[in-house]
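Undergrad: Sharing a structure, written as structure tokens. Questions coming.
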Amino acid sequence: MNMEISRKTIDDRLSYLVSQNLREALFEGDFAVPVAHEDYLALLTDQALSSSRGGKRLRALLLCRTCQALRLPEEDWDAAIDLACAIEIFQTGALVHDDIIDDSDLRRGAPSAHKAFASHLLKRSSTARQDGLGLGLMLGDLLATESVDLIQEASSRLSVPESLKSVIMTAFLTMHRQVEIGQVLDLSMETVDLHDPASIEGGALATYVWKTASYTTIAPLRIAFLACGLDQETSHEVSQAVGLPLGVAFQLKDDLIDVTGLHTGKPVGGDIIEGKRTVLLADALSCANEEEKETLLTLYSARKRNQSNVRTAVEIFRKTGALERNQKRIDSLYRQARSGLEKALDHMQESGLTLDEKGKQALLGLLPLFV
């Protein structure tokens, strides 16, 4: 699979699944929907499609590239693409919820789902903002449910033993819980003492594992390995060894992008505006002089921050070397992930598993896109 073709294949299939499955659930289920409610449900399905658009599809591509490298049987490819789409649908729902928690105005350059709902409802509801939040919550829930339905249906079509199909379902539900716990950890980070950079760093890195690496890299790898018939233990061990450092590197890179404004539809410094305790902040606090440290403590202790505060914080991140240290940490984690994957693939070949060489190189070539 060529990357561009693969991404288009995923985009096309994803649009179909989100539209078709959600409409069937809402309009063709066991219970009839009164005509008076059809507008709201139509608004929900339209926004589901809108929220699903965009994105690099790295999670889906990682799953597909891994299947290609491990020579997934031709008859299993349709199911594998749906497995990949299930992770993307889950992500869409998680981002809808994330935007509500962060009260974000934008997602991928467009209004976030709850803001779009509120805007649509302004002329017909006196509680448009509250209704928008409610619809956003329910949209996220519906997409999460749809992702579970899809993973179960897609895994049932694979040619692997029934025992592995069950493990795929378990792996996906484990991913769900890990991300949900990760969101709780993310909220908890707001209470970590600003005077304790070590706790900020440790807490942030743990959050990155639970909230990001779990579904960005670990789950796509694990599900792909299982879909290709690898045993449960090997699938778990390799996905952890490769996915954990790669997923943390991915989030660290996202933190860097947040303060540079590259490749994002969000305003620069969103994490600073929200007062998020990040590894970048921990590094800056650890290496700042007294004046710089006091500036950061005052800035992050304030109830609100503005773009002037963002510029001040970013400049301190730069002066203290926090940006440079973060990049070095990313590079180290990336090398660890790539080395782990190369060793795992070599071991599979030595154990008698025939790999697709072109697929192997495509998989390795995908890794830099995460960082």
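Please note that chains go A, B, ... in the order of the structure tokens, that every chain numbers its residues from 1, and that ligands are numbered from 1 in the order shown.
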Could you give me, as CSV, a per-residue list for region 291-338 of chain A showing, wherever an atom lies at most 12 Å from an atom of region 352-364 of chain A, the closest pair of atoms and their distance in Å to one decimal, using only C-alpha atoms and sorting by chain then residue number from low to high?
TA:
residue,atom,partner,partner_atom,distance
A:Tyr334,CA,A:Leu364,CA,11.4
A:Arg335,CA,A:Leu364,CA,11.5
A:Ala337,CA,A:Leu364,CA,10.2
A:Arg338,CA,A:Leu364,CA,7.3
Undergrad: What are the closest atom pairs, with distances in Å to one decimal, for each residue of region 123-201 of chain A lying within 12 Å of region 207-221 of chain A, using only C-alpha atoms, rows by chain and rising residue number, as a Markdown table?
TA:
| residue | atom | partner | partner_atom | distance |
| --- | --- | --- | --- | --- |
| A:Ile151 | CA | A:Pro220 | CA | 11.9 |
| A:Val167 | CA | A:Ala219 | CA | 11.8 |
| A:Ile168 | CA | A:Ala219 | CA | 9.5 |
| A:Met169 | CA | A:Ala219 | CA | 11.0 |
| A:Thr170 | CA | A:Ala219 | CA | 10.7 |
| A:Ala171 | CA | A:Ala219 | CA | 7.0 |
| A:Phe172 | CA | A:Ala219 | CA | 7.0 |
| A:Leu173 | CA | A:Ala219 | CA | 10.0 |
| A:Thr174 | CA | A:Ala219 | CA | 8.9 |
| A:Met175 | CA | A:Ser214 | CA | 5.9 |
| A:His176 | CA | A:Tyr215 | CA | 8.0 |
| A:Arg177 | CA | A:Trp210 | CA | 9.0 |
| A:Gln178 | CA | A:Trp210 | CA | 5.3 |
| A:Val179 | CA | A:Lys211 | CA | 4.4 |
| A:Glu180 | CA | A:Lys211 | CA | 7.2 |
| A:Ile181 | CA | A:Trp210 | CA | 6.8 |
| A:Gly182 | CA | A:Lys211 | CA | 4.0 |
| A:Gln183 | CA | A:Lys211 | CA | 6.0 |
| A:Val184 | CA | A:Thr207 | CA | 8.8 |
| A:Leu185 | CA | A:Thr207 | CA | 5.8 |
| A:Asp186 | CA | A:Thr207 | CA | 6.0 |
| A:Leu187 | CA | A:Thr207 | CA | 9.6 |
| A:Ser188 | CA | A:Thr207 | CA | 9.5 |
| A:Met189 | CA | A:Thr207 | CA | 8.4 |
| A:Glu190 | CA | A:Thr207 | CA | 11.8 |
| A:Ser199 | CA | A:Thr207 | CA | 11.9 |
| A:Ile200 | CA | A:Thr207 | CA | 10.4 |
| A:Glu201 | CA | A:Thr207 | CA | 9.9 |
Undergrad: Residues near Val18 (chain A), anyone? I mean within 12 Å using only C-alpha atoms, not counting same-chain ones fewer than 3 positions away, as a PyMOL selection string.
TA: chain A and resi 10-15+21-26+44-53+82+85-86+88-90+92-93+139+142-147+149-150
Undergrad: From the set A:Met348, A:Leu205, A:Ile272, A:Ala227, which residue has the shortest atom-to-atom contact distance to Glu75 (chain A), counting only C-alpha atoms?
TA: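 Looking at the shortest contact to Glu75 (chain A), the residue is A:Ala227.
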Undergrad: What does the distance between CA of Lys165 (chain A) and CA of Cys228 (chain A) come to in Å, to one decimal place?
TA: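 Calculated distance between CA of Lys165 (chain A) and CA of Cys228 (chain A) is 10.8 Å.
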Undergrad: Go through A:Met138, A:Ala224, A:Val371, A:Val238 and flag the residue nearest Leu252 (chain A), using only C-alpha atoms for the distances.
TA: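 Among the listed residues, the smallest separation from Leu252 (chain A) belongs to A:Val371.
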Undergrad: Using DSSP on the backbone coordinates, identify the residues of region 50-267 of chain A assigned to strand (DSSP E or B); present them as number ranges by chain.
TA: A: 106-107, 110-111
Undergrad: May I have the residues from that selection written out with N, CA and C atoms, as a PDB file, in the first residue's frame?
TA:
ATOM      1  N   LEU A 106     -11.321  25.690  18.539  1.00  0.00           N
ATOM      2  CA  LEU A 106     -10.975  25.119  17.238  1.00  0.00           C
ATOM      3  C   LEU A 106     -10.432  23.710  17.359  1.00  0.00           C
ATOM      4  N   ARG A 107     -10.647  22.956  16.291  1.00  0.00           N
ATOM      5  CA  ARG A 107     -10.047  21.639  16.119  1.00  0.00           C
ATOM      6  C   ARG A 107      -9.740  21.477  14.645  1.00  0.00           C
ATOM      7  N   ALA A 110     -11.084  24.164  12.273  1.00  0.00           N
ATOM      8  CA  ALA A 110     -12.531  24.366  12.190  1.00  0.00           C
ATOM      9  C   ALA A 110     -13.098  24.455  13.603  1.00  0.00           C
ATOM     10  N   PRO A 111     -14.322  24.980  13.753  1.00  0.00           N
ATOM     11  CA  PRO A 111     -14.914  25.046  15.089  1.00  0.00           C
ATOM     12  C   PRO A 111     -14.978  23.656  15.736  1.00  0.00           C
TER      13      PRO A 111
END
Undergrad: Nearest to Asp78 (chain A) among A:Asp30, A:Lys8, A:Asp103, A:Arg157, with distances taken over only C-alpha atoms: which residue is it?
TA: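 The closest residue to Asp78 (chain A) is A:Arg157.
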Undergrad: So which one's closest to His120 (chain A), A:Leu369, A:Gly229, A:Ala42, A:Ile257? Using only C-alpha atoms, please.
TA: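 Of all the options, A:Ala42 lies closest to His120 (chain A).
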